[in-house]
>>> print(open('model15.pdb').read())   # PDB, C-alpha atoms
ATOM      1  CA  MET A   1      64.066 -15.044  22.170
ATOM      2  CA  GLY A   2      64.765 -13.515  25.572
ATOM      3  CA  ALA A   3      68.289 -14.925  25.614
ATOM      4  CA  VAL A   4      69.264 -13.697  22.154
ATOM      5  CA  VAL A   5      70.758 -10.466  23.440
ATOM      6  CA  ASN A   6      72.465 -10.209  26.825
ATOM      7  CA  ASP A   7      70.906  -6.885  27.751
ATOM      8  CA  PRO A   8      67.927  -6.310  30.092
ATOM      9  CA  VAL A   9      66.144  -3.852  27.793
ATOM     10  CA  ALA A  10      66.666  -6.040  24.749
ATOM     11  CA  ASP A  11      65.471  -9.047  26.750
ATOM     12  CA  ILE A  12      62.204  -7.281  27.596
ATOM     13  CA  VAL A  13      61.678  -6.256  23.971
ATOM     14  CA  ALA A  14      62.526  -9.797  22.837
ATOM     15  CA  ASP A  15      59.975 -11.217  25.246
ATOM     16  CA  VAL A  16      57.297  -8.880  23.906
ATOM     17  CA  VAL A  17      58.126  -9.756  20.283
ATOM     18  CA  ALA A  18      57.943 -13.461  21.143
ATOM     19  CA  THR A  19      54.485 -13.145  22.690
ATOM     20  CA  THR A  20      53.197 -10.791  19.976
ATOM     21  CA  ARG A  21      54.157 -12.890  16.993
ATOM     22  CA  ARG A  22      52.706 -16.219  16.075
ATOM     23  CA  GLY A  23      54.784 -19.014  14.617
ATOM     24  CA  SER A  24      58.032 -18.626  12.714
ATOM     25  CA  LEU A  25      59.253 -15.631  10.808
ATOM     26  CA  MET A  26      58.825 -15.745   7.032
ATOM     27  CA  TYR A  27      60.833 -13.871   4.448
ATOM     28  CA  SER A  28      61.886 -13.533   0.832
ATOM     29  CA  ARG A  29      65.157 -12.275  -0.627
ATOM     30  CA  ASN A  30      64.426  -9.900  -3.496
ATOM     31  CA  ARG A  31      66.468  -8.425  -6.338
ATOM     32  CA  PHE A  32      64.260  -6.109  -8.376
ATOM     33  CA  HIS A  33      65.485  -4.205 -11.426
ATOM     34  CA  ALA A  34      63.622  -1.009 -12.327
ATOM     35  CA  PRO A  35      60.903  -0.429 -13.193
ATOM     36  CA  TRP A  36      58.977  -2.216 -10.435
ATOM     37  CA  GLY A  37      56.323  -1.679  -7.794
ATOM     38  CA  ALA A  38      55.118  -4.081  -5.089
ATOM     39  CA  ALA A  39      51.947  -3.670  -3.048
ATOM     40  CA  PHE A  40      51.346  -5.194   0.378
ATOM     41  CA  PRO A  41      47.695  -5.310   1.474
ATOM     42  CA  ALA A  42      46.501  -4.674   4.998
ATOM     43  CA  GLY A  43      46.331  -7.777   7.129
ATOM     44  CA  ASN A  44      47.058  -9.421  10.454
ATOM     45  CA  LEU A  45      50.760  -9.502   9.675
ATOM     46  CA  ALA A  46      53.601  -7.413  11.057
ATOM     47  CA  SER A  47      55.980  -6.955   8.142
ATOM     48  CA  PHE A  48      59.501  -5.610   7.762
ATOM     49  CA  HIS A  49      61.809  -4.626   4.917
ATOM     50  CA  VAL A  50      65.595  -4.392   4.986
ATOM     51  CA  ILE A  51      67.202  -2.543   2.073
ATOM     52  CA  THR A  52      70.607  -4.106   1.541
ATOM     53  CA  ALA A  53      71.564  -2.411  -1.765
ATOM     54  CA  GLY A  54      70.130   0.215  -4.078
ATOM     55  CA  ALA A  55      67.159   2.424  -3.246
ATOM     56  CA  CYS A  56      63.371   2.473  -3.375
ATOM     57  CA  TRP A  57      60.345   4.421  -2.160
ATOM     58  CA  LEU A  58      57.925   3.488   0.604
ATOM     59  CA  THR A  59      54.353   4.742   0.334
ATOM     60  CA  VAL A  60      51.561   4.436   2.886
ATOM     61  CA  ASP A  61      48.109   5.803   2.121
ATOM     62  CA  GLY A  62      47.705   9.327   3.410
ATOM     63  CA  ALA A  63      51.442   9.979   3.807
ATOM     64  CA  ASP A  64      54.172  11.328   1.567
ATOM     65  CA  PRO A  65      56.514   8.760  -0.063
ATOM     66  CA  VAL A  66      59.716   8.077   1.868
ATOM     67  CA  GLN A  67      62.957   7.208   0.087
ATOM     68  CA  LEU A  68      64.849   4.218   1.444
ATOM     69  CA  THR A  69      68.490   3.420   0.704
ATOM     70  CA  GLY A  70      70.940   0.653   1.573
ATOM     71  CA  GLY A  71      71.002  -0.077   5.300
ATOM     72  CA  ASP A  72      67.549   1.360   6.023
ATOM     73  CA  VAL A  73      65.055  -0.812   7.891
ATOM     74  CA  VAL A  74      61.254  -0.540   7.950
ATOM     75  CA  LEU A  75      58.794  -2.182  10.333
ATOM     76  CA  ILE A  76      55.038  -2.158   9.721
ATOM     77  CA  PRO A  77      53.944  -3.389  13.167
ATOM     78  CA  SER A  78      50.167  -3.263  12.753
ATOM     79  CA  GLY A  79      49.864  -4.590   9.219
ATOM     80  CA  VAL A  80      48.735  -1.434   7.387
ATOM     81  CA  ALA A  81      48.691  -1.488   3.590
ATOM     82  CA  HIS A  82      51.836  -0.099   1.945
ATOM     83  CA  GLN A  83      53.811  -0.104  -1.297
ATOM     84  CA  LEU A  84      57.474  -0.281  -2.272
ATOM     85  CA  ALA A  85      58.609   0.860  -5.721
ATOM     86  CA  ASP A  86      61.646   2.095  -7.597
ATOM     87  CA  ALA A  87      59.997   5.526  -8.026
ATOM     88  CA  PRO A  88      57.108   7.455  -6.446
ATOM     89  CA  GLN A  89      53.759   7.011  -8.215
ATOM     90  CA  ARG A  90      54.984   3.856  -9.936
ATOM     91  CA  PRO A  91      52.103   1.438 -10.629
ATOM     92  CA  THR A  92      52.300  -1.570  -8.326
ATOM     93  CA  ARG A  93      51.370  -5.244  -8.392
ATOM     94  CA  PRO A  94      50.575  -7.335  -5.310
ATOM     95  CA  MET A  95      53.762  -8.821  -3.884
ATOM     96  CA  SER A  96      51.979 -12.165  -3.671
ATOM     97  CA  GLU A  97      51.503 -12.042  -7.449
ATOM     98  CA  ILE A  98      55.136 -11.120  -8.081
ATOM     99  CA  ALA A  99      56.460 -13.800  -5.735
ATOM    100  CA  GLY A 100      53.855 -16.419  -6.559
ATOM    101  CA  ARG A 101      53.072 -16.836  -2.856
ATOM    102  CA  THR A 102      52.066 -14.957   0.252
ATOM    103  CA  LEU A 103      54.365 -14.470   3.194
ATOM    104  CA  ASP A 104      52.023 -16.363   5.498
ATOM    105  CA  ASP A 105      51.518 -19.456   3.347
ATOM    106  CA  GLY A 106      53.918 -21.568   5.386
ATOM    107  CA  ALA A 107      56.361 -22.051   2.479
ATOM    108  CA  PRO A 108      60.126 -21.834   3.136
ATOM    109  CA  PRO A 109      62.074 -18.648   2.391
ATOM    110  CA  SER A 110      62.190 -17.772  -1.289
ATOM    111  CA  ASP A 111      64.268 -15.777  -3.760
ATOM    112  CA  VAL A 112      62.302 -13.367  -5.965
ATOM    113  CA  VAL A 113      63.874 -11.652  -8.971
ATOM    114  CA  ILE A 114      62.601  -9.059 -11.446
ATOM    115  CA  GLU A 115      65.013  -8.994 -14.369
ATOM    116  CA  GLY A 116      65.759  -5.853 -16.340
ATOM    117  CA  ASP A 117      68.307  -3.269 -17.361
ATOM    118  CA  GLY A 118      67.361  -0.691 -14.735
ATOM    119  CA  PRO A 119      69.087  -0.137 -11.385
ATOM    120  CA  ALA A 120      68.653  -3.005  -8.933
ATOM    121  CA  THR A 121      67.228  -2.820  -5.443
ATOM    122  CA  VAL A 122      68.120  -5.704  -3.157
ATOM    123  CA  TRP A 123      65.994  -6.155  -0.080
ATOM    124  CA  ILE A 124      64.687  -8.623   2.445
ATOM    125  CA  CYS A 125      60.946  -8.743   2.948
ATOM    126  CA  GLY A 126      59.429 -10.647   5.824
ATOM    127  CA  GLY A 127      56.918 -10.741   8.576
ATOM    128  CA  TYR A 128      55.120 -12.738  11.195
ATOM    129  CA  SER A 129      51.470 -13.319  11.992
ATOM    130  CA  LEU A 130      50.152 -11.305  14.916
ATOM    131  CA  ALA A 131      48.946 -13.456  17.775
ATOM    132  CA  ALA A 132      45.397 -13.218  19.037
ATOM    133  CA  GLY A 133      44.869 -11.800  22.497
ATOM    134  CA  VAL A 134      45.634  -8.631  24.370
ATOM    135  CA  ARG A 135      48.169  -6.420  22.612
ATOM    136  CA  HIS A 136      51.150  -5.514  24.751
ATOM    137  CA  PRO A 137      51.203  -1.786  25.582
ATOM    138  CA  LEU A 138      54.820  -1.535  24.402
ATOM    139  CA  THR A 139      53.786  -2.378  20.835
ATOM    140  CA  SER A 140      50.557  -0.402  20.983
ATOM    141  CA  VAL A 141      52.448   2.906  21.142
ATOM    142  CA  LEU A 142      54.366   2.234  17.934
ATOM    143  CA  PRO A 143      53.362   4.240  14.844
ATOM    144  CA  ASP A 144      51.970   2.460  11.786
ATOM    145  CA  VAL A 145      55.391   2.712  10.136
ATOM    146  CA  VAL A 146      58.764   2.591  11.901
ATOM    147  CA  VAL A 147      61.740   3.631   9.760
ATOM    148  CA  ILE A 148      65.291   3.404  11.073
ATOM    149  CA  THR A 149      67.799   4.859   8.628
ATOM    150  CA  ALA A 150      71.256   3.458   8.025
ATOM    151  CA  ALA A 151      72.716   6.543   9.710
ATOM    152  CA  GLU A 152      70.595   5.970  12.829
ATOM    153  CA  ALA A 153      71.501   2.270  12.897
ATOM    154  CA  ARG A 154      75.226   2.773  12.332
ATOM    155  CA  GLY A 155      77.327   1.693  15.294
ATOM    156  CA  THR A 156      74.415  -0.090  16.997
ATOM    157  CA  GLY A 157      73.345  -3.703  17.276
ATOM    158  CA  LEU A 158      70.731  -3.002  14.615
ATOM    159  CA  GLY A 159      73.405  -1.833  12.183
ATOM    160  CA  ALA A 160      75.431  -4.974  12.874
ATOM    161  CA  ALA A 161      72.371  -7.162  12.262
ATOM    162  CA  VAL A 162      71.676  -5.385   8.955
ATOM    163  CA  ASP A 163      75.305  -5.897   7.879
ATOM    164  CA  LEU A 164      75.108  -9.602   8.691
ATOM    165  CA  ILE A 165      71.823  -9.962   6.808
ATOM    166  CA  ALA A 166      73.306  -8.164   3.788
ATOM    167  CA  ALA A 167      76.234 -10.585   3.836
ATOM    168  CA  GLU A 168      73.843 -13.559   3.849
ATOM    169  CA  VAL A 169      71.620 -12.308   1.022
ATOM    170  CA  ASP A 170      73.847 -13.688  -1.721
ATOM    171  CA  GLY A 171      75.054 -16.651   0.286
ATOM    172  CA  THR A 172      74.695 -20.170  -1.095
ATOM    173  CA  ASP A 173      75.472 -22.033   2.110
ATOM    174  CA  PRO A 174      72.871 -24.766   2.782
ATOM    175  CA  GLY A 175      72.434 -23.416   6.280
ATOM    176  CA  ALA A 176      71.613 -19.880   5.107
ATOM    177  CA  PRO A 177      67.837 -20.080   5.791
ATOM    178  CA  ALA A 178      68.416 -21.038   9.432
ATOM    179  CA  VAL A 179      71.024 -18.305   9.801
ATOM    180  CA  MET A 180      68.664 -15.770   8.248
ATOM    181  CA  ALA A 181      65.834 -16.743  10.588
ATOM    182  CA  SER A 182      68.084 -16.147  13.614
ATOM    183  CA  LEU A 183      69.334 -12.859  12.187
ATOM    184  CA  VAL A 184      65.804 -11.647  11.534
ATOM    185  CA  ASP A 185      64.829 -12.455  15.122
ATOM    186  CA  LEU A 186      67.772 -10.364  16.255
ATOM    187  CA  LEU A 187      66.922  -7.613  13.777
ATOM    188  CA  LEU A 188      63.409  -7.163  15.141
ATOM    189  CA  VAL A 189      64.612  -6.947  18.721
ATOM    190  CA  TYR A 190      67.296  -4.384  17.881
ATOM    191  CA  LEU A 191      64.928  -2.420  15.643
ATOM    192  CA  LEU A 192      62.412  -1.893  18.442
ATOM    193  CA  ARG A 193      65.152  -1.243  20.971
ATOM    194  CA  THR A 194      66.678   1.409  18.691
ATOM    195  CA  TRP A 195      63.331   3.070  18.068
ATOM    196  CA  PHE A 196      62.467   3.307  21.755
ATOM    197  CA  ALA A 197      65.955   4.564  22.588
ATOM    198  CA  GLY A 198      65.375   7.449  20.173
ATOM    199  CA  HIS A 199      61.868   8.212  21.429
ATOM    200  CA  HIS A 200      62.176   9.052  25.071
ATOM    201  CA  ASP A 201      59.116  11.266  24.597
ATOM    202  CA  GLN A 202      57.174   7.998  24.494
ATOM    203  CA  ALA A 203      56.348   6.749  27.976
ATOM    204  CA  TRP A 204      57.517   3.219  27.217
ATOM    205  CA  GLY A 205      60.778   4.561  25.869
ATOM    206  CA  ARG A 206      61.355   6.184  29.248
ATOM    207  CA  ALA A 207      60.092   3.123  31.114
ATOM    208  CA  LEU A 208      62.672   0.831  29.569
ATOM    209  CA  SER A 209      65.554   3.125  30.483
ATOM    210  CA  ASP A 210      64.245   4.245  33.880
ATOM    211  CA  PRO A 211      66.395   2.724  36.669
ATOM    212  CA  THR A 212      63.406   1.896  38.868
ATOM    213  CA  VAL A 213      60.765   0.914  36.332
ATOM    214  CA  GLY A 214      63.221  -0.781  33.981
ATOM    215  CA  THR A 215      64.541  -2.888  36.859
ATOM    216  CA  ALA A 216      61.006  -3.833  37.912
ATOM    217  CA  LEU A 217      60.124  -4.851  34.352
ATOM    218  CA  SER A 218      63.298  -6.942  34.074
ATOM    219  CA  LEU A 219      62.493  -8.746  37.321
ATOM    220  CA  ILE A 220      58.911  -9.476  36.251
ATOM    221  CA  HIS A 221      59.988 -10.744  32.847
ATOM    222  CA  ALA A 222      62.794 -12.854  34.285
ATOM    223  CA  ASP A 223      60.482 -14.661  36.735
ATOM    224  CA  PRO A 224      56.775 -14.113  35.924
ATOM    225  CA  GLY A 225      55.708 -17.057  38.084
ATOM    226  CA  ARG A 226      57.211 -15.670  41.278
ATOM    227  CA  ALA A 227      54.711 -14.740  43.985
ATOM    228  CA  TRP A 228      55.140 -11.036  43.334
ATOM    229  CA  THR A 229      53.510  -8.497  45.618
ATOM    230  CA  LEU A 230      53.978  -4.762  45.646
ATOM    231  CA  ASP A 231      56.138  -5.179  48.748
ATOM    232  CA  THR A 232      58.455  -7.823  47.256
ATOM    233  CA  LEU A 233      58.811  -5.872  44.003
ATOM    234  CA  ALA A 234      59.561  -2.650  45.883
ATOM    235  CA  ARG A 235      62.189  -4.380  48.007
ATOM    236  CA  ALA A 236      63.753  -6.016  44.940
ATOM    237  CA  THR A 237      64.099  -2.633  43.227
ATOM    238  CA  GLY A 238      65.193  -0.849  46.387
ATOM    239  CA  THR A 239      62.357   1.644  46.002
ATOM    240  CA  PRO A 240      59.575   2.722  48.381
ATOM    241  CA  ARG A 241      56.190   1.256  47.466
ATOM    242  CA  ALA A 242      54.611   4.633  46.771
ATOM    243  CA  THR A 243      57.485   5.734  44.524
ATOM    244  CA  LEU A 244      57.458   2.493  42.570
ATOM    245  CA  THR A 245      53.685   2.615  42.096
ATOM    246  CA  ARG A 246      53.718   6.229  40.960
ATOM    247  CA  ARG A 247      56.626   5.914  38.536
ATOM    248  CA  PHE A 248      55.446   2.602  37.121
ATOM    249  CA  ALA A 249      51.926   3.863  36.465
ATOM    250  CA  THR A 250      53.180   7.116  34.951
ATOM    251  CA  LEU A 251      55.494   5.393  32.468
ATOM    252  CA  THR A 252      53.553   2.233  31.607
ATOM    253  CA  GLY A 253      49.949   3.239  32.196
ATOM    254  CA  GLN A 254      49.480   0.356  34.636
ATOM    255  CA  SER A 255      50.156  -0.384  38.272
ATOM    256  CA  PRO A 256      53.001  -2.838  38.905
ATOM    257  CA  MET A 257      50.634  -5.644  39.909
ATOM    258  CA  ALA A 258      48.306  -5.029  36.955
ATOM    259  CA  TYR A 259      51.342  -5.416  34.697
ATOM    260  CA  VAL A 260      52.366  -8.627  36.450
ATOM    261  CA  ALA A 261      48.886 -10.047  35.821
ATOM    262  CA  ALA A 262      48.814  -8.909  32.178
ATOM    263  CA  TRP A 263      52.298 -10.237  31.427
ATOM    264  CA  ARG A 264      51.423 -13.602  32.936
ATOM    265  CA  MET A 265      48.451 -13.822  30.576
ATOM    266  CA  SER A 266      50.650 -12.931  27.592
ATOM    267  CA  MET A 267      53.099 -15.661  28.553
ATOM    268  CA  ALA A 268      50.279 -18.147  29.085
ATOM    269  CA  ALA A 269      48.760 -17.351  25.689
ATOM    270  CA  ARG A 270      52.102 -17.994  24.024
ATOM    271  CA  ARG A 271      52.505 -21.325  25.809
ATOM    272  CA  LEU A 272      48.984 -22.373  24.801
ATOM    273  CA  ARG A 273      49.611 -21.449  21.155
ATOM    274  CA  ASP A 274      53.104 -22.793  20.708
ATOM    275  CA  GLY A 275      53.540 -25.659  23.158
ATOM    276  CA  ASP A 276      51.868 -28.789  24.448
ATOM    277  CA  ALA A 277      52.073 -28.135  28.199
ATOM    278  CA  THR A 278      48.882 -28.817  30.097
ATOM    279  CA  VAL A 279      46.745 -25.987  31.443
ATOM    280  CA  ARG A 280      47.787 -27.070  34.936
ATOM    281  CA  GLN A 281      51.472 -26.812  34.028
ATOM    282  CA  ILE A 282      51.013 -23.386  32.442
ATOM    283  CA  ALA A 283      49.091 -22.170  35.479
ATOM    284  CA  ASP A 284      52.041 -23.174  37.680
ATOM    285  CA  GLU A 285      54.540 -21.506  35.360
ATOM    286  CA  VAL A 286      52.782 -18.143  35.499
ATOM    287  CA  GLY A 287      52.214 -18.142  39.245
ATOM    288  CA  TYR A 288      48.734 -19.568  39.820
ATOM    289  CA  ASP A 289      48.203 -22.185  42.544
ATOM    290  CA  SER A 290      44.778 -23.043  41.176
ATOM    291  CA  GLU A 291      44.011 -24.125  37.618
ATOM    292  CA  PHE A 292      40.485 -22.750  38.112
ATOM    293  CA  ALA A 293      41.795 -19.313  39.161
ATOM    294  CA  PHE A 294      44.140 -19.260  36.184
ATOM    295  CA  ALA A 295      41.376 -20.242  33.745
ATOM    296  CA  ARG A 296      39.112 -17.538  35.130
ATOM    297  CA  ALA A 297      41.831 -14.883  34.865
ATOM    298  CA  PHE A 298      42.758 -15.992  31.336
ATOM    299  CA  LYS A 299      39.179 -15.829  30.104
ATOM    300  CA  ARG A 300      38.769 -12.402  31.662
ATOM    301  CA  ALA A 301      41.898 -11.181  29.851
ATOM    302  CA  THR A 302      41.373 -12.798  26.438
ATOM    303  CA  GLY A 303      37.670 -13.585  26.199
ATOM    304  CA  SER A 304      38.362 -17.324  25.816
ATOM    305  CA  ALA A 305      38.943 -20.190  28.215
ATOM    306  CA  PRO A 306      42.474 -21.669  27.943
ATOM    307  CA  GLY A 307      41.348 -24.850  26.196
ATOM    308  CA  GLN A 308      39.164 -22.930  23.764
ATOM    309  CA  TYR A 309      41.984 -20.485  23.044
ATOM    310  CA  ARG A 310      44.411 -23.337  22.302
ATOM    311  CA  LYS A 311      41.922 -25.105  20.045
ATOM    312  CA  LEU A 312      41.171 -21.932  18.055
ATOM    313  CA  ALA A 313      44.873 -21.073  17.773
ATOM    314  CA  GLN A 314      45.772 -24.527  16.486
ATOM    315  CA  THR A 315      42.825 -24.611  14.091
ATOM    316  CA  SER A 316      43.577 -21.195  12.586
ATOM    317  CA  GLY A 317      47.349 -21.834  12.496
TER     318      GLY A 317
END
>>> encode(input="model15.pdb", output="structure tokens")
Amino acid sequence: MGAVVNDPVADIVADVVATTRRGSLMYSRNRFHAPWGAAFPAGNLASFHVITAGACWLTVDGADPVQLTGGDVVLIPSGVAHQLADAPQRPTRPMSEIAGRTLDDGAPPSDVVIEGDGPATVWICGGYSLAAGVRHPLTSVLPDVVVITAAEARGTGLGAAVDLIAAEVDGTDPGAPAVMASLVDLLLVYLLRTWFAGHHDQAWGRALSDPTVGTALSLIHADPGRAWTLDTLARATGTPRATLTRRFATLTGQSPMAYVAAWRMSMAARRLRDGDATVRQIADEVGYDSEFAFARAFKRATGSAPGQYRKLAQTSG
């Protein structure tokens, strides 16, 4: 996904999304006529909702209902239970019961309709399984619910992605599912980018836009297997070692070299889950001269040896 958007910040966010999610995105296109209520249980699934027409209400336990209208986008990054309905306090049914499937059942995209005479809400519902392993600090600072309104998205890449998705909702082109999958990838990247851009009070929001730290992150993500040292990273960013170390730790919570090591493990975990490269090949890709040293570092980071991690990932997938 790193090449989807030609922008360093978006590339970093895209990389993180790619290592956080497991497998392909799943979605359904929904047209629900009032009255209706859909419940989504807690689970190891990051879900999103794009309201393309009409309105509905989002409810999360312990919080006041939030009204959503056309163009609004919601991300539930940690898989907390939530409900969508045409009105607050509306009784709900599990979405899996309404749709006759769960989002993570491996079935292709589906169209779900609730007929009726009431106002219609048209929305895209989707998600992706969260990968096992260490959670990236960028995603760990997100709230349980991220809502970007149509007004906030207007004029941004996120707004453009929502418009394109809305145009595809009623499409009958045979290639629509593939187009939608690409658009949803783009949507998630822009959604996170937009949220962080509006939350500079969050350290990672500042890190991504900071000239020194953002450049260092871009360099690490662009070439994780390079023999990075604090000296080479400082020279590449044109920053004194002490300044780079201080700013990087302040904004990311890690030293530059600790981040290099952690990002390499995230990349390695993705390659073990989603590809068939050998452990030796993956070790080379993420900058380890020794397969033994890589295996030891990976087990220390994830709790599993590389081969065991791959076997468990393939078995559970």
>>> resolve_selection(input="model15.pdb", expression="the PyMOL selection byres ((chain A and resi 157) around 10)", output="list of chain:residue names")
A:Val5, A:Ala153, A:Arg154, A:Gly155, A:Thr156, A:Leu158, A:Gly159, A:Ala160, A:Ala161, A:Val162, A:Asp163, A:Leu186, A:Leu187, A:Val189, A:Tyr190, A:Leu191, A:Arg193, A:Thr194
>>> closest_residue(input="model15.pdb", among="A:Arg310, A:Pro256, A:Arg226, A:Ala293", to="Gly275 in chain A", atoms="all atoms listed in the file")
A:Arg310
>>> residues_around(input="model15.pdb", residues="range 79-87 of chain A", least_positions_apart="2", cutoff="9 Å", atoms="all atoms listed in the file", output="VMD selection string")
chain A and resid 32 to 47 55 to 61 67 76 to 77 89 to 92 94 119 to 121 130 144 to 145
>>> closest_residue(input="model15.pdb", among="A:Arg247, A:His49, A:Arg241, A:His221", to="Thr149 in chain A", atoms="only C-alpha atoms")
A:His49
>>> resolve_selection(input="model15.pdb", expression="the PyMOL selection byres ((chain A and resi 206) around 12)", output="number ranges by chain")
A: 9, 138, 193, 195-205, 207-214, 247-248, 250-252
>>> closest_residue(input="model15.pdb", among="A:Ala222, A:Ala277, A:Arg21, A:Leu192", to="Val141 in chain A", atoms="all atoms listed in the file")
A:Leu192
>>> residues_around(input="model15.pdb", residues="Ala297 in chain A", least_positions_apart="6", cutoff="12 Å", atoms="only C-alpha atoms", output="VMD selection string")
chain A and resid 258 261 to 266 268 to 269 283 286 to 288 290 to 291 303 to 306
>>> atom_distance(input="model15.pdb", atom1="CA of Asp111 in chain A", atom2="CA of Asn30 in chain A")
5.9 Å
>>> atom_distance(input="model15.pdb", atom1="CA of Thr52 in chain A", atom2="CA of Gly70 in chain A")
4.8 Å
>>> residues_around(input="model15.pdb", residues="Tyr309 in chain A", least_positions_apart="2", cutoff="12 Å", atoms="all atoms listed in the file", output="short mmCIF file (atom, residue, chain, number, x, y, z; two decimals) with C-alpha atoms, keeping the file's coordinate frame")
data_model
loop_
_atom_site.label_atom_id
_atom_site.label_comp_id
_atom_site.auth_asym_id
_atom_site.auth_seq_id
_atom_site.Cartn_x
_atom_site.Cartn_y
_atom_site.Cartn_z
CA ALA A 131 48.95 -13.46 17.77
CA ALA A 132 45.40 -13.22 19.04
CA GLY A 133 44.87 -11.80 22.50
CA MET A 265 48.45 -13.82 30.58
CA ALA A 268 50.28 -18.15 29.08
CA ALA A 269 48.76 -17.35 25.69
CA ARG A 270 52.10 -17.99 24.02
CA ARG A 271 52.50 -21.32 25.81
CA LEU A 272 48.98 -22.37 24.80
CA ARG A 273 49.61 -21.45 21.16
CA ASP A 274 53.10 -22.79 20.71
CA VAL A 279 46.74 -25.99 31.44
CA ALA A 295 41.38 -20.24 33.74
CA PHE A 298 42.76 -15.99 31.34
CA LYS A 299 39.18 -15.83 30.10
CA ALA A 301 41.90 -11.18 29.85
CA THR A 302 41.37 -12.80 26.44
CA GLY A 303 37.67 -13.58 26.20
CA SER A 304 38.36 -17.32 25.82
CA ALA A 305 38.94 -20.19 28.22
CA PRO A 306 42.47 -21.67 27.94
CA GLY A 307 41.35 -24.85 26.20
CA LYS A 311 41.92 -25.10 20.05
CA LEU A 312 41.17 -21.93 18.06
CA ALA A 313 44.87 -21.07 17.77
CA GLN A 314 45.77 -24.53 16.49
CA THR A 315 42.82 -24.61 14.09
CA SER A 316 43.58 -21.20 12.59
CA GLY A 317 47.35 -21.83 12.50
#
>>> atom_distance(input="model15.pdb", atom1="CA of Ser140 in chain A", atom2="CA of Ile220 in chain A")
19.6 Å
>>> build_atoms(input="model15.pdb", residues="range 64-77 of chain A", atoms="N, CA and C atoms", output="PDB file, in the frame of the given file")
ATOM      1  N   ASP A  64      53.259  11.081   2.675  1.00  0.00           N
ATOM      2  CA  ASP A  64      54.172  11.328   1.567  1.00  0.00           C
ATOM      3  C   ASP A  64      55.124  10.134   1.397  1.00  0.00           C
ATOM      4  N   PRO A  65      55.547   9.839   0.153  1.00  0.00           N
ATOM      5  CA  PRO A  65      56.514   8.760  -0.063  1.00  0.00           C
ATOM      6  C   PRO A  65      57.820   9.040   0.677  1.00  0.00           C
ATOM      7  N   VAL A  66      58.453   7.983   1.142  1.00  0.00           N
ATOM      8  CA  VAL A  66      59.716   8.077   1.868  1.00  0.00           C
ATOM      9  C   VAL A  66      60.760   7.290   1.101  1.00  0.00           C
ATOM     10  N   GLN A  67      61.904   7.925   0.801  1.00  0.00           N
ATOM     11  CA  GLN A  67      62.957   7.208   0.087  1.00  0.00           C
ATOM     12  C   GLN A  67      63.769   6.364   1.064  1.00  0.00           C
ATOM     13  N   LEU A  68      64.041   5.135   0.656  1.00  0.00           N
ATOM     14  CA  LEU A  68      64.849   4.218   1.444  1.00  0.00           C
ATOM     15  C   LEU A  68      66.103   3.864   0.659  1.00  0.00           C
ATOM     16  N   THR A  69      67.224   3.788   1.348  1.00  0.00           N
ATOM     17  CA  THR A  69      68.490   3.420   0.704  1.00  0.00           C
ATOM     18  C   THR A  69      69.144   2.293   1.490  1.00  0.00           C
ATOM     19  N   GLY A  70      70.259   1.786   0.973  1.00  0.00           N
ATOM     20  CA  GLY A  70      70.940   0.653   1.573  1.00  0.00           C
ATOM     21  C   GLY A  70      71.208   0.844   3.059  1.00  0.00           C
ATOM     22  N   GLY A  71      70.815  -0.138   3.854  1.00  0.00           N
ATOM     23  CA  GLY A  71      71.002  -0.077   5.300  1.00  0.00           C
ATOM     24  C   GLY A  71      69.782   0.380   6.059  1.00  0.00           C
ATOM     25  N   ASP A  72      68.776   0.927   5.361  1.00  0.00           N
ATOM     26  CA  ASP A  72      67.549   1.360   6.023  1.00  0.00           C
ATOM     27  C   ASP A  72      66.674   0.154   6.349  1.00  0.00           C
ATOM     28  N   VAL A  73      65.933   0.264   7.439  1.00  0.00           N
ATOM     29  CA  VAL A  73      65.055  -0.812   7.891  1.00  0.00           C
ATOM     30  C   VAL A  73      63.677  -0.238   8.163  1.00  0.00           C
ATOM     31  N   VAL A  74      62.640  -0.968   7.753  1.00  0.00           N
ATOM     32  CA  VAL A  74      61.254  -0.540   7.950  1.00  0.00           C
ATOM     33  C   VAL A  74      60.496  -1.642   8.681  1.00  0.00           C
ATOM     34  N   LEU A  75      59.699  -1.249   9.665  1.00  0.00           N
ATOM     35  CA  LEU A  75      58.794  -2.182  10.333  1.00  0.00           C
ATOM     36  C   LEU A  75      57.383  -1.641  10.211  1.00  0.00           C
ATOM     37  N   ILE A  76      56.456  -2.502   9.792  1.00  0.00           N
ATOM     38  CA  ILE A  76      55.038  -2.158   9.721  1.00  0.00           C
ATOM     39  C   ILE A  76      54.361  -2.997  10.804  1.00  0.00           C
ATOM     40  N   PRO A  77      54.324  -2.509  12.049  1.00  0.00           N
ATOM     41  CA  PRO A  77      53.944  -3.389  13.167  1.00  0.00           C
ATOM     42  C   PRO A  77      52.480  -3.783  13.219  1.00  0.00           C
TER      43      PRO A  77
END
